[in-house]
file upload_2.csv (CSV, C-alpha atoms and all ligand atoms)
chain,number,residue,atom,x,y,z
A,3,MET,CA,-11.5,-11.2,-21.3
A,4,GLU,CA,-14.6,-10.8,-23.4
A,5,GLU,CA,-14.1,-9.3,-26.8
A,6,SER,CA,-15.8,-5.9,-27.1
A,7,LEU,CA,-18.4,-5.3,-29.8
A,8,LYS,CA,-17.1,-4.2,-33.2
A,9,THR,CA,-18.3,-0.9,-34.6
A,10,TYR,CA,-20.1,-0.9,-38.0
A,11,GLU,CA,-16.8,0.2,-39.7
A,12,GLU,CA,-14.8,-2.5,-37.8
A,13,TYR,CA,-17.3,-5.1,-38.7
A,14,PHE,CA,-17.2,-4.3,-42.4
A,15,SER,CA,-13.4,-4.1,-42.5
A,16,GLN,CA,-13.5,-7.9,-42.3
A,17,ALA,CA,-13.5,-9.8,-45.5
A,18,VAL,CA,-16.8,-11.2,-46.7
A,19,GLU,CA,-15.6,-14.8,-46.2
A,20,VAL,CA,-15.0,-14.0,-42.5
A,21,ARG,CA,-18.4,-12.3,-42.1
A,22,MET,CA,-20.2,-15.2,-43.8
A,23,ARG,CA,-19.0,-17.6,-41.1
A,24,HIS,CA,-21.1,-15.8,-38.6
A,25,TYR,CA,-24.2,-16.5,-40.7
A,26,GLU,CA,-24.1,-20.3,-40.4
A,27,LYS,CA,-25.1,-22.5,-37.6
A,28,GLU,CA,-24.3,-26.3,-37.4
A,29,GLY,CA,-23.4,-26.4,-41.1
A,30,ARG,CA,-26.5,-24.7,-42.4
A,31,LEU,CA,-27.6,-21.1,-43.1
A,32,GLN,CA,-28.9,-19.2,-40.1
A,33,HIS,CA,-28.9,-15.7,-41.5
A,34,VAL,CA,-29.6,-15.1,-45.2
A,35,MET,CA,-27.5,-12.0,-46.0
A,36,LEU,CA,-25.6,-12.3,-49.2
A,37,SER,CA,-25.7,-14.0,-52.5
A,38,HIS,CA,-22.2,-15.4,-51.7
A,39,GLN,CA,-23.9,-17.8,-49.3
A,40,PHE,CA,-25.5,-19.8,-52.0
A,41,SER,CA,-23.5,-22.5,-53.8
A,42,ILE,CA,-24.9,-24.3,-56.8
A,43,SER,CA,-25.7,-27.4,-54.7
A,44,LEU,CA,-27.6,-25.3,-52.1
A,45,MET,CA,-29.5,-23.5,-54.9
A,46,GLU,CA,-30.4,-26.8,-56.5
A,47,GLU,CA,-31.6,-28.2,-53.1
A,48,LEU,CA,-33.8,-25.0,-52.7
A,49,PHE,CA,-35.1,-25.3,-56.3
A,50,ASP,CA,-36.3,-28.9,-55.6
A,51,ILE,CA,-38.0,-27.8,-52.4
A,52,ALA,CA,-39.6,-24.9,-54.2
A,53,ASP,CA,-40.9,-27.3,-57.0
A,54,HIS,CA,-42.4,-29.5,-54.2
A,55,VAL,CA,-44.0,-26.5,-52.6
A,56,LYS,CA,-45.4,-25.3,-55.9
A,57,GLU,CA,-46.9,-28.7,-56.6
A,58,MET,CA,-48.5,-29.0,-53.2
A,59,THR,CA,-50.2,-25.6,-53.4
A,60,ARG,CA,-52.3,-27.1,-56.2
A,61,LYS,CA,-54.2,-29.4,-53.9
A,62,PRO,CA,-56.3,-28.5,-50.8
A,63,ASN,CA,-54.7,-31.2,-48.6
A,64,GLY,CA,-51.2,-30.1,-49.9
A,65,ILE,CA,-52.0,-26.5,-48.8
A,66,GLU,CA,-53.1,-27.8,-45.4
A,67,PHE,CA,-50.0,-29.9,-45.0
A,68,LEU,CA,-47.7,-27.0,-45.9
A,69,LYS,CA,-49.4,-24.8,-43.3
A,70,SER,CA,-48.7,-27.4,-40.6
A,71,LEU,CA,-44.9,-27.3,-41.1
A,72,LEU,CA,-44.1,-24.0,-39.4
A,73,CYS,CA,-47.3,-23.2,-37.6
A,74,HIS,CA,-45.3,-22.9,-34.4
A,75,LYS,CA,-43.1,-20.1,-35.8
A,76,LYS,CA,-43.6,-16.3,-36.1
A,77,ALA,CA,-41.8,-13.9,-38.4
A,78,MET,CA,-41.4,-10.1,-38.1
A,79,LEU,CA,-41.4,-8.2,-41.4
A,80,TYR,CA,-39.4,-5.0,-40.8
A,81,PHE,CA,-39.4,-3.1,-44.1
A,82,THR,CA,-38.2,0.5,-43.7
A,83,GLN,CA,-37.6,1.0,-47.4
A,84,PRO,CA,-40.6,1.0,-49.9
A,85,SER,CA,-41.6,-2.4,-51.1
A,86,THR,CA,-44.6,-4.1,-52.7
A,87,ARG,CA,-43.5,-7.4,-54.1
A,88,THR,CA,-40.8,-8.5,-51.7
A,89,PHE,CA,-42.9,-7.6,-48.7
A,90,LEU,CA,-46.0,-9.4,-50.1
A,91,SER,CA,-44.0,-12.3,-51.4
A,92,PHE,CA,-42.4,-12.9,-48.0
A,93,LEU,CA,-45.8,-12.4,-46.3
A,94,THR,CA,-47.5,-14.9,-48.7
A,95,ALA,CA,-44.6,-17.4,-48.3
A,96,CYS,CA,-44.9,-17.2,-44.5
A,97,GLN,CA,-48.6,-17.8,-44.7
A,98,MET,CA,-48.0,-20.7,-47.0
A,99,VAL,CA,-45.9,-22.5,-44.5
A,100,GLY,CA,-48.2,-21.6,-41.6
A,101,MET,CA,-46.1,-18.8,-39.9
A,102,ASP,CA,-47.8,-16.0,-38.0
A,103,THR,CA,-46.4,-12.5,-39.0
A,104,GLY,CA,-46.0,-9.1,-37.5
A,105,GLU,CA,-44.9,-6.0,-39.4
A,106,VAL,CA,-43.3,-2.5,-39.1
A,107,ARG,CA,-43.2,-0.6,-42.4
A,108,ASP,CA,-43.3,3.0,-41.2
A,109,PRO,CA,-40.8,3.8,-38.4
A,110,SER,CA,-42.7,6.9,-37.6
A,111,LEU,CA,-45.4,4.7,-36.1
A,112,SER,CA,-42.9,2.7,-34.0
A,113,SER,CA,-40.8,3.7,-31.0
A,114,GLU,CA,-38.2,4.9,-33.4
A,115,TYR,CA,-40.3,8.0,-33.4
A,116,LYS,CA,-39.6,8.4,-29.7
A,117,GLY,CA,-35.9,8.1,-30.4
A,118,GLU,CA,-35.4,4.4,-30.0
A,119,SER,CA,-32.4,3.2,-32.1
A,120,GLN,CA,-33.0,0.7,-34.9
A,121,GLU,CA,-30.7,-1.6,-33.0
A,122,ASP,CA,-32.9,-1.7,-29.9
A,123,GLY,CA,-36.0,-2.1,-32.1
A,124,VAL,CA,-34.5,-5.2,-33.8
A,125,ARG,CA,-33.6,-6.6,-30.4
A,126,VAL,CA,-37.3,-6.2,-29.3
A,127,PHE,CA,-38.4,-8.1,-32.4
A,128,SER,CA,-36.0,-10.9,-31.6
A,129,SER,CA,-37.8,-11.3,-28.2
A,130,TYR,CA,-41.2,-11.7,-29.8
A,131,PHE,CA,-40.5,-13.4,-33.1
A,132,ASP,CA,-38.6,-16.5,-34.4
A,133,MET,CA,-37.3,-14.7,-37.5
A,134,ILE,CA,-36.8,-11.2,-38.8
A,135,ILE,CA,-37.2,-10.4,-42.5
A,136,MET,CA,-35.8,-7.0,-43.1
A,137,ARG,CA,-35.3,-4.3,-45.8
A,138,ASP,CA,-33.4,-1.2,-45.1
A,139,PRO,CA,-31.8,1.5,-47.3
A,140,LYS,CA,-28.4,1.2,-45.5
A,141,PRO,CA,-26.1,-1.2,-47.2
A,142,GLY,CA,-24.9,-3.8,-44.6
A,143,PHE,CA,-27.5,-2.9,-42.0
A,144,CYS,CA,-29.0,-6.4,-41.9
A,145,GLU,CA,-25.5,-7.9,-41.6
A,146,TYR,CA,-24.6,-5.7,-38.7
A,147,MET,CA,-27.9,-6.5,-37.0
A,148,ALA,CA,-27.3,-10.2,-37.3
A,149,TYR,CA,-23.9,-9.7,-35.7
A,150,LEU,CA,-25.3,-7.6,-32.9
A,151,LEU,CA,-28.1,-10.1,-32.2
A,152,ASP,CA,-25.7,-13.0,-32.2
A,153,SER,CA,-23.7,-11.2,-29.5
A,154,THR,CA,-26.8,-10.9,-27.3
A,155,GLY,CA,-27.1,-14.6,-27.1
A,156,ARG,CA,-30.8,-14.3,-28.2
A,157,SER,CA,-30.4,-14.6,-31.9
A,158,VAL,CA,-33.1,-15.4,-34.4
A,159,PRO,CA,-32.5,-15.9,-38.1
A,160,ILE,CA,-32.5,-12.7,-40.1
A,161,MET,CA,-33.3,-12.6,-43.9
A,162,ASN,CA,-32.1,-9.7,-46.0
A,163,GLY,CA,-35.1,-8.5,-48.1
A,164,GLY,CA,-32.9,-5.8,-49.8
A,165,SER,CA,-30.1,-3.7,-48.3
A,166,GLY,CA,-29.6,-0.4,-50.1
A,167,LYS,CA,-27.7,-0.6,-53.4
A,168,ASP,CA,-25.9,-3.6,-52.0
A,169,GLN,CA,-27.6,-7.0,-51.9
A,170,HIS,CA,-31.0,-8.6,-52.5
A,171,PRO,CA,-30.2,-12.3,-52.2
A,172,THR,CA,-33.7,-13.7,-52.3
A,173,GLN,CA,-34.4,-11.7,-55.5
A,174,ALA,CA,-31.3,-13.4,-56.9
A,175,LEU,CA,-32.6,-16.8,-55.8
A,176,LEU,CA,-35.9,-16.3,-57.5
A,177,ASP,CA,-34.2,-15.0,-60.6
A,178,LEU,CA,-32.0,-18.1,-60.8
A,179,TYR,CA,-35.0,-20.3,-60.0
A,180,THR,CA,-36.9,-18.8,-63.0
A,181,MET,CA,-33.9,-19.3,-65.3
A,182,HIS,CA,-33.6,-22.9,-64.0
A,183,ARG,CA,-37.2,-23.7,-64.8
A,184,SER,CA,-37.3,-21.8,-68.1
A,185,PHE,CA,-34.2,-23.6,-69.4
A,186,GLN,CA,-35.1,-27.1,-68.2
A,187,LYS,CA,-35.6,-28.3,-71.8
A,188,THR,CA,-32.7,-26.4,-73.3
A,189,GLY,CA,-29.7,-27.6,-71.2
A,190,GLY,CA,-30.2,-25.5,-68.0
A,191,ILE,CA,-28.4,-22.4,-66.8
A,192,PRO,CA,-24.9,-23.2,-67.9
A,193,LYS,CA,-23.4,-22.3,-71.3
A,194,LYS,CA,-25.8,-19.5,-72.1
A,195,ARG,CA,-25.5,-15.8,-72.8
A,196,TYR,CA,-27.2,-13.4,-70.4
A,197,ALA,CA,-27.8,-9.7,-71.0
A,198,PHE,CA,-28.3,-7.2,-68.1
A,199,VAL,CA,-29.8,-3.9,-69.2
A,200,GLY,CA,-30.4,-0.6,-67.4
A,201,ASP,CA,-29.1,0.9,-64.2
A,202,LEU,CA,-26.4,-1.7,-63.5
A,203,LEU,CA,-24.5,0.5,-61.1
A,204,ARG,CA,-27.2,1.0,-58.5
A,205,GLY,CA,-29.5,-2.0,-59.0
A,206,ARG,CA,-29.0,-4.5,-56.2
A,207,ALA,CA,-31.0,-7.2,-58.0
A,208,VAL,CA,-28.5,-7.3,-60.9
A,209,ARG,CA,-25.6,-7.3,-58.5
A,210,SER,CA,-26.9,-10.2,-56.5
A,211,SER,CA,-28.1,-12.3,-59.4
A,212,VAL,CA,-24.9,-11.9,-61.4
A,213,MET,CA,-23.0,-13.2,-58.4
A,214,LEU,CA,-25.1,-16.4,-58.3
A,215,LEU,CA,-25.0,-16.8,-62.1
A,216,SER,CA,-21.2,-16.5,-62.2
A,217,GLN,CA,-20.8,-19.9,-60.5
A,218,TYR,CA,-22.3,-21.7,-63.5
A,219,LYS,CA,-20.1,-23.2,-66.1
A,220,ASP,CA,-19.4,-21.2,-69.3
A,221,VAL,CA,-22.0,-18.5,-68.8
A,222,GLU,CA,-21.4,-15.3,-70.8
A,223,MET,CA,-22.6,-11.9,-69.6
A,224,GLU,CA,-23.4,-8.8,-71.6
A,225,PHE,CA,-23.8,-5.6,-69.6
A,226,ILE,CA,-25.8,-2.9,-71.5
A,227,ALA,CA,-26.0,0.5,-69.9
A,228,PRO,CA,-25.1,4.1,-70.4
A,229,SER,CA,-21.4,4.4,-69.3
A,230,SER,CA,-22.3,6.3,-66.1
A,231,PHE,CA,-24.5,3.4,-65.0
A,232,GLN,CA,-22.3,0.5,-66.0
A,233,ILE,CA,-21.5,-2.3,-63.4
A,234,ALA,CA,-19.4,-1.2,-60.4
A,235,ALA,CA,-15.6,-1.8,-60.6
A,236,ASP,CA,-15.7,-4.3,-57.7
A,237,LEU,CA,-18.4,-6.4,-59.4
A,238,GLU,CA,-16.4,-6.4,-62.6
A,239,GLU,CA,-13.2,-7.5,-60.8
A,240,TYR,CA,-15.2,-10.2,-59.0
A,241,LEU,CA,-16.5,-11.6,-62.3
A,242,LEU,CA,-13.1,-11.5,-63.9
A,243,SER,CA,-11.6,-13.4,-60.9
A,244,GLN,CA,-14.3,-16.0,-61.5
A,245,ASP,CA,-13.2,-16.3,-65.2
A,246,VAL,CA,-16.6,-15.1,-66.5
A,247,ASN,CA,-16.6,-13.9,-70.1
A,248,ILE,CA,-18.1,-10.4,-69.8
A,249,HIS,CA,-18.7,-7.6,-72.3
A,250,LYS,CA,-19.9,-4.0,-71.7
A,251,THR,CA,-21.7,-1.9,-74.3
A,252,ASP,CA,-24.4,0.8,-74.5
A,253,ASN,CA,-25.9,-0.8,-77.6
A,254,LEU,CA,-28.8,-3.1,-76.9
A,255,GLU,CA,-29.4,-3.7,-80.6
A,256,SER,CA,-26.0,-5.2,-81.0
A,257,VAL,CA,-26.7,-8.2,-78.7
A,258,ILE,CA,-30.5,-8.6,-78.7
A,259,SER,CA,-30.6,-11.4,-81.3
A,260,SER,CA,-27.8,-13.5,-79.8
A,261,VAL,CA,-28.6,-13.7,-76.1
A,262,ASP,CA,-30.7,-16.4,-74.2
A,263,CYS,CA,-31.9,-14.2,-71.4
A,264,ILE,CA,-32.4,-10.4,-71.1
A,265,TYR,CA,-32.7,-9.1,-67.6
A,266,MET,CA,-34.2,-5.6,-67.7
A,267,THR,CA,-34.1,-3.1,-64.9
A,268,ARG,CA,-35.4,0.4,-64.2
A,269,ILE,CA,-33.4,3.5,-63.4
A,270,GLN,CA,-32.8,3.6,-59.6
A,271,ASP,CA,-33.3,7.4,-59.4
A,272,GLU,CA,-34.1,7.2,-55.6
A,273,TYR,CA,-30.3,7.1,-55.3
A,274,ASP,CA,-29.7,10.2,-57.4
A,275,LEU,CA,-27.6,12.9,-55.8
A,276,SER,CA,-28.4,15.7,-58.3
A,277,GLY,CA,-30.8,14.4,-60.9
A,278,GLU,CA,-28.2,12.4,-62.9
A,279,SER,CA,-30.8,10.0,-64.2
A,280,ASN,CA,-32.5,12.8,-66.1
A,281,LEU,CA,-29.5,13.0,-68.4
A,282,ILE,CA,-30.2,9.5,-69.8
A,283,ASP,CA,-32.2,8.7,-72.9
A,284,TYR,CA,-33.7,5.6,-71.5
A,285,SER,CA,-35.5,4.6,-74.7
A,286,LYS,CA,-32.2,3.0,-75.9
A,287,TYR,CA,-32.5,0.6,-72.9
A,288,SER,CA,-36.1,-0.5,-73.6
A,289,LEU,CA,-37.9,-3.5,-75.0
A,290,THR,CA,-40.8,-3.1,-77.5
A,291,PRO,CA,-42.6,-5.7,-79.7
A,292,ASP,CA,-40.3,-4.5,-82.5
A,293,ASN,CA,-36.9,-5.3,-80.9
A,294,VAL,CA,-38.3,-8.3,-79.0
A,295,SER,CA,-39.2,-9.9,-82.4
A,296,ARG,CA,-35.5,-10.1,-83.0
A,297,MET,CA,-34.8,-12.2,-79.9
A,298,LYS,CA,-34.1,-15.9,-80.1
A,299,LYS,CA,-37.2,-18.1,-80.1
A,300,ASN,CA,-36.4,-19.9,-76.8
A,301,SER,CA,-34.9,-16.8,-75.0
A,302,ILE,CA,-36.5,-15.3,-72.0
A,303,ILE,CA,-37.1,-11.8,-70.6
A,304,LEU,CA,-36.8,-11.1,-66.9
A,305,HIS,CA,-37.4,-8.0,-64.8
A,306,PRO,CA,-37.3,-7.8,-61.0
A,307,LEU,CA,-40.1,-5.2,-61.2
A,308,PRO,CA,-41.4,-2.6,-60.7
A,309,ARG,CA,-41.1,-1.5,-64.3
A,310,ARG,CA,-41.5,1.9,-65.7
A,311,HIS,CA,-41.1,2.4,-69.5
A,312,GLU,CA,-38.3,-0.1,-70.1
A,313,ILE,CA,-40.6,-2.9,-71.2
A,314,SER,CA,-43.7,-1.9,-73.1
A,315,PRO,CA,-46.9,-3.6,-71.8
A,316,GLU,CA,-47.5,-5.0,-75.3
A,317,VAL,CA,-44.5,-7.3,-74.7
A,318,ASP,CA,-46.3,-9.0,-71.8
A,319,ALA,CA,-48.2,-11.3,-74.2
A,320,ASP,CA,-45.0,-12.5,-75.8
A,321,PRO,CA,-44.2,-16.1,-74.7
A,322,ARG,CA,-40.6,-15.0,-73.9
A,323,ALA,CA,-41.9,-12.5,-71.2
A,324,MET,CA,-41.2,-14.4,-68.0
A,325,TYR,CA,-41.4,-11.5,-65.5
A,326,TRP,CA,-44.9,-12.3,-64.1
A,327,ARG,CA,-43.9,-15.9,-63.7
A,328,GLN,CA,-40.7,-14.8,-62.1
A,329,LEU,CA,-42.8,-12.8,-59.5
A,330,ARG,CA,-44.8,-15.9,-58.7
A,331,ASN,CA,-41.7,-18.1,-58.4
A,332,GLY,CA,-40.5,-15.7,-55.7
A,333,VAL,CA,-43.2,-16.9,-53.3
A,334,TYR,CA,-42.2,-20.6,-53.8
A,335,ILE,CA,-38.5,-20.1,-53.4
A,336,ARG,CA,-39.0,-17.9,-50.3
A,337,ALA,CA,-41.3,-20.6,-48.8
A,338,ALA,CA,-38.6,-23.1,-49.6
A,339,LEU,CA,-36.0,-21.0,-47.9
A,340,LEU,CA,-38.1,-20.7,-44.7
A,341,LEU,CA,-38.5,-24.5,-44.7
A,342,TYR,CA,-34.8,-24.9,-45.2
A,343,VAL,CA,-33.7,-22.4,-42.5
A,344,PHE,CA,-36.0,-24.0,-39.9
A,345,ASN,CA,-34.8,-27.4,-41.0
A,346,VAL,CA,-38.2,-28.9,-41.8
A,347,ALA,CA,-37.9,-29.3,-45.6
A,348,HIS,CA,-37.3,-33.1,-45.1
A,349,ARG,CA,-40.8,-33.4,-43.8
A,350,LEU,CA,-42.2,-32.7,-47.3
A,351,LYS,CA,-41.6,-36.4,-47.9
A,352,GLU,CA,-44.4,-37.2,-45.4
A,353,TYR,CA,-47.0,-35.8,-47.7
B,1,LIG,N1,-37.6,-4.7,-56.6
B,1,LIG,C1,-36.2,-4.7,-56.9
B,1,LIG,C2,-35.5,-4.2,-55.6
B,1,LIG,O1,-36.0,-4.0,-54.6
B,1,LIG,C3,-35.8,-3.9,-58.1
B,1,LIG,C4,-36.1,-2.4,-58.1
B,1,LIG,O2,-36.6,-1.9,-57.2
B,1,LIG,O3,-35.9,-1.9,-59.2
B,1,LIG,O4,-34.3,-4.0,-55.7
call {"tool": "encode", "arguments": {"input": "upload_2.csv", "output": "structure tokens", "more": "lines below"}}
Ligand code: ASP
result
Amino acid sequence: MEESLKTYEEYFSQAVEVRMRHYEKEGRLQHVMLSHQFSISLMEELFDIADHVKEMTRKPNGIEFLKSLLCHKKAMLYFTQPSTRTFLSFLTACQMVGMDTGEVRDPSLSSEYKGESQEDGVRVFSSYFDMIIMRDPKPGFCEYMAYLLDSTGRSVPIMNGGSGKDQHPTQALLDLYTMHRSFQKTGGIPKKRYAFVGDLLRGRAVRSSVMLLSQYKDVEMEFIAPSSFQIAADLEEYLLSQDVNIHKTDNLESVISSVDCIYMTRIQDEYDLSGESNLIDYSKYSLTPDNVSRMKKNSIILHPLPRRHEISPEVDADPRAMYWRQLRNGVYIRAALLLYVFNVAHRLKEY
């Protein structure tokens, strides 16, 4: 007898390891849902592809060649939660490898307005497109959609472009790619001290990046936040189970001169229930030319952006400020991921 479809709750009562198995096909990633899916070796493979892509975009015939690789594929960008960078970065990455794109950003202009469920909408996209790139405020929505689509027998790869407070795996990949490139001359990602500053409870970028980073040898992590926005208990438990050396504090000054990387974040007040963000003095969690001058010479500053006041614009000119470069790296690593998922990255050698 055929197994009946699991409800949302039943689906998420399964362990992450069980769910992850659904997201692979013939030994490679089919759906990109969670940071957990990226091992160090897969990340390094993607970093190499991204380096190649970056190099090729410097020459007109490289640009032409890249465009030929996926000119037979189409991607749907379904972004029902606000986005500037991730949306444009995916769009640019698709264009870079020749993919045509469609988009829905405002559900009130789609048939959802007429009462169509999001599930049916996603099923429509899978009939017209070869991939769905999706951002949604509900944690786990992309995962559940991947499961439902697989059960229809007409599945196309889904990429998670940010799912509520939960996961943002491609942000994590671009963060790690930036660390990898920045630390190329100083021994790479392992054996360094990383500080994460700001709203660590609700920021999905930190959550996802920390999970990737925890796989590297001897990394230390400092979490700097007001106590009400410190990392969630499940993330702390996960890091401890991975034997990561972690410290929590609300004092940025106490660590600023000893870390190799500071990852800044904004307050995620869109998730406030009753204005809890207004109670925080955020100036204590900010970078200015004054405190940046106490950072190590070869250290780096990252930020997933958008920023508000947590990094003063005067810091942008400091050679340690990597966040604009981080943003550009996002396009290369997302293009790399598209080439990988459609299994054409090996064709880069033909160029
Ligand atoms: N752009 C990142 C995200 O979508 C970070 C942020 O919004 O603060 O999670």
call {"tool": "residues_around", "arguments": {"input": "upload_2.csv", "residues": "A:Glu145", "least_positions_apart": "2", "cutoff": "9 Å", "atoms": "only C-alpha atoms", "output": "ChimeraX atom specification"}}
result
/A:21,25,33,35-36,141-143,147-150,160,162
call {"tool": "atom_distance", "arguments": {"input": "upload_2.csv", "atom1": "atom CA of A:Ser153", "atom2": "atom CA of A:Met101"}}
result
25.8 Å
call {"tool": "closest_atom_pairs", "arguments": {"input": "upload_2.csv", "of": "chain A", "to": "ligand LIG 1 (chain B)", "cutoff": "9 Å", "atoms": "all atoms listed in the file", "output": "CSV"}}
result
residue,atom,partner,partner_atom,distance
A:Gln83,CA,B:LIG1,O1,8.9
A:Pro84,CA,B:LIG1,O1,8.3
A:Ser85,CA,B:LIG1,O1,6.8
A:Thr86,CA,B:LIG1,N1,8.0
A:Arg87,CA,B:LIG1,N1,7.0
A:Thr88,CA,B:LIG1,N1,7.0
A:Arg137,CA,B:LIG1,O1,8.8
A:Gly163,CA,B:LIG1,O1,8.0
A:Gly164,CA,B:LIG1,O1,6.0
A:Ser165,CA,B:LIG1,O4,8.5
A:Gly166,CA,B:LIG1,O4,8.1
A:Lys167,CA,B:LIG1,O4,7.8
A:Gln169,CA,B:LIG1,O4,8.3
A:His170,CA,B:LIG1,O4,6.5
A:Gln173,CA,B:LIG1,C1,7.4
A:Asp201,CA,B:LIG1,O3,8.9
A:Gly205,CA,B:LIG1,O4,6.2
A:Arg206,CA,B:LIG1,O4,5.3
A:Ala207,CA,B:LIG1,O4,5.1
A:Val208,CA,B:LIG1,O4,8.5
A:Thr267,CA,B:LIG1,O3,6.1
A:Arg268,CA,B:LIG1,O3,5.5
A:Ile269,CA,B:LIG1,O3,7.3
A:Gln270,CA,B:LIG1,O3,6.3
A:His305,CA,B:LIG1,C3,8.0
A:Pro306,CA,B:LIG1,C3,5.1
A:Leu307,CA,B:LIG1,N1,5.3
A:Pro308,CA,B:LIG1,O3,5.7
A:Arg309,CA,B:LIG1,O3,7.3
call {"tool": "closest_residue", "arguments": {"input": "upload_2.csv", "among": "A:Ser43, A:Ser6, A:Thr172, A:Ser70", "to": "A:Leu339", "atoms": "only C-alpha atoms"}}
result
A:Thr172
call {"tool": "closest_residue", "arguments": {"input": "upload_2.csv", "among": "A:Arg156, A:Lys219, A:Arg209, A:Arg195", "to": "A:Ser128", "atoms": "all atoms listed in the file"}}
result
A:Arg156
call {"tool": "atom_distance", "arguments": {"input": "upload_2.csv", "atom1": "atom CA of A:His182", "atom2": "atom CA of A:Met45"}}
result
10.0 Å
call {"tool": "residues_around", "arguments": {"input": "upload_2.csv", "residues": "A:Ala52", "least_positions_apart": "3", "cutoff": "12 Å", "atoms": "only C-alpha atoms", "output": "PyMOL selection string"}}
result
chain A and resi 45-49+55-59+68+95+98-99+175-176+179-180+182-183+330-342+347+350
call {"tool": "atom_distance", "arguments": {"input": "upload_2.csv", "atom1": "atom CA of A:Pro159", "atom2": "atom CA of A:Asp236"}}
result
28.3 Å
call {"tool": "residues_near_point", "arguments": {"input": "upload_2.csv", "point": "(-24.5, -9.5, -75.9)", "cutoff": "6 Å", "atoms": "only C-alpha atoms", "output": "ChimeraX atom specification"}}
result
/A:197,224,257,261
call {"tool": "write_last_selection", "arguments": {"input": "upload_2.csv", "atoms": "C-alpha atoms", "output": "compact mmCIF listing (two decimals), in the frame of the given file"}}
result
# COMPACT_ATOMS: atom_id res chain seq x y z
CA ALA A 197 -27.80 -9.70 -71.00
CA GLU A 224 -23.40 -8.80 -71.60
CA VAL A 257 -26.70 -8.20 -78.70
CA VAL A 261 -28.60 -13.70 -76.10
call {"tool": "closest_residue", "arguments": {"input": "upload_2.csv", "among": "A:Asp318, A:Ser216, A:Glu118, A:Ser210", "to": "A:Ser37", "atoms": "all atoms listed in the file"}}
result
A:Ser210
call {"tool": "decode", "arguments": {"input": "upload_2.csv", "residues": "stretch 194-204 of chain A", "atoms": "N, CA, C and O atoms", "output": "short mmCIF file (atom, residue, chain, number, x, y, z; two decimals), in the first residue's frame"}}
result
data_model
loop_
_atom_site.label_atom_id
_atom_site.label_comp_id
_atom_site.auth_asym_id
_atom_site.auth_seq_id
_atom_site.Cartn_x
_atom_site.Cartn_y
_atom_site.Cartn_z
N LYS A 194 41.44 29.25 14.03
CA LYS A 194 41.32 30.70 14.19
C LYS A 194 40.16 31.01 15.16
O LYS A 194 39.34 30.15 15.46
N ARG A 195 40.15 32.27 15.62
CA ARG A 195 39.08 32.69 16.55
C ARG A 195 38.08 33.57 15.80
O ARG A 195 38.46 34.55 15.17
N TYR A 196 36.82 33.19 15.90
CA TYR A 196 35.75 33.88 15.18
C TYR A 196 34.78 34.48 16.20
O TYR A 196 34.33 33.78 17.12
N ALA A 197 34.45 35.76 16.00
CA ALA A 197 33.47 36.40 16.89
C ALA A 197 32.19 36.69 16.12
O ALA A 197 32.24 37.16 14.98
N PHE A 198 31.06 36.38 16.71
CA PHE A 198 29.75 36.67 16.11
C PHE A 198 29.05 37.66 17.03
O PHE A 198 28.93 37.42 18.24
N VAL A 199 28.61 38.77 16.43
CA VAL A 199 28.11 39.87 17.25
C VAL A 199 26.70 40.29 16.83
O VAL A 199 26.43 40.44 15.64
N GLY A 200 25.83 40.49 17.82
CA GLY A 200 24.51 41.07 17.51
C GLY A 200 23.35 40.19 17.93
O GLY A 200 23.36 39.61 19.02
N ASP A 201 22.37 40.10 17.04
CA ASP A 201 21.16 39.31 17.34
C ASP A 201 21.44 37.86 16.93
O ASP A 201 21.13 37.43 15.81
N LEU A 202 22.03 37.13 17.84
CA LEU A 202 22.48 35.77 17.51
C LEU A 202 21.35 34.75 17.67
O LEU A 202 21.45 33.64 17.18
N LEU A 203 20.30 35.19 18.33
CA LEU A 203 19.18 34.28 18.57
C LEU A 203 18.33 34.11 17.31
O LEU A 203 17.94 33.01 16.94
N ARG A 204 18.10 35.24 16.62
CA ARG A 204 17.14 35.20 15.51
C ARG A 204 17.79 35.32 14.14
O ARG A 204 17.10 35.23 13.13
#
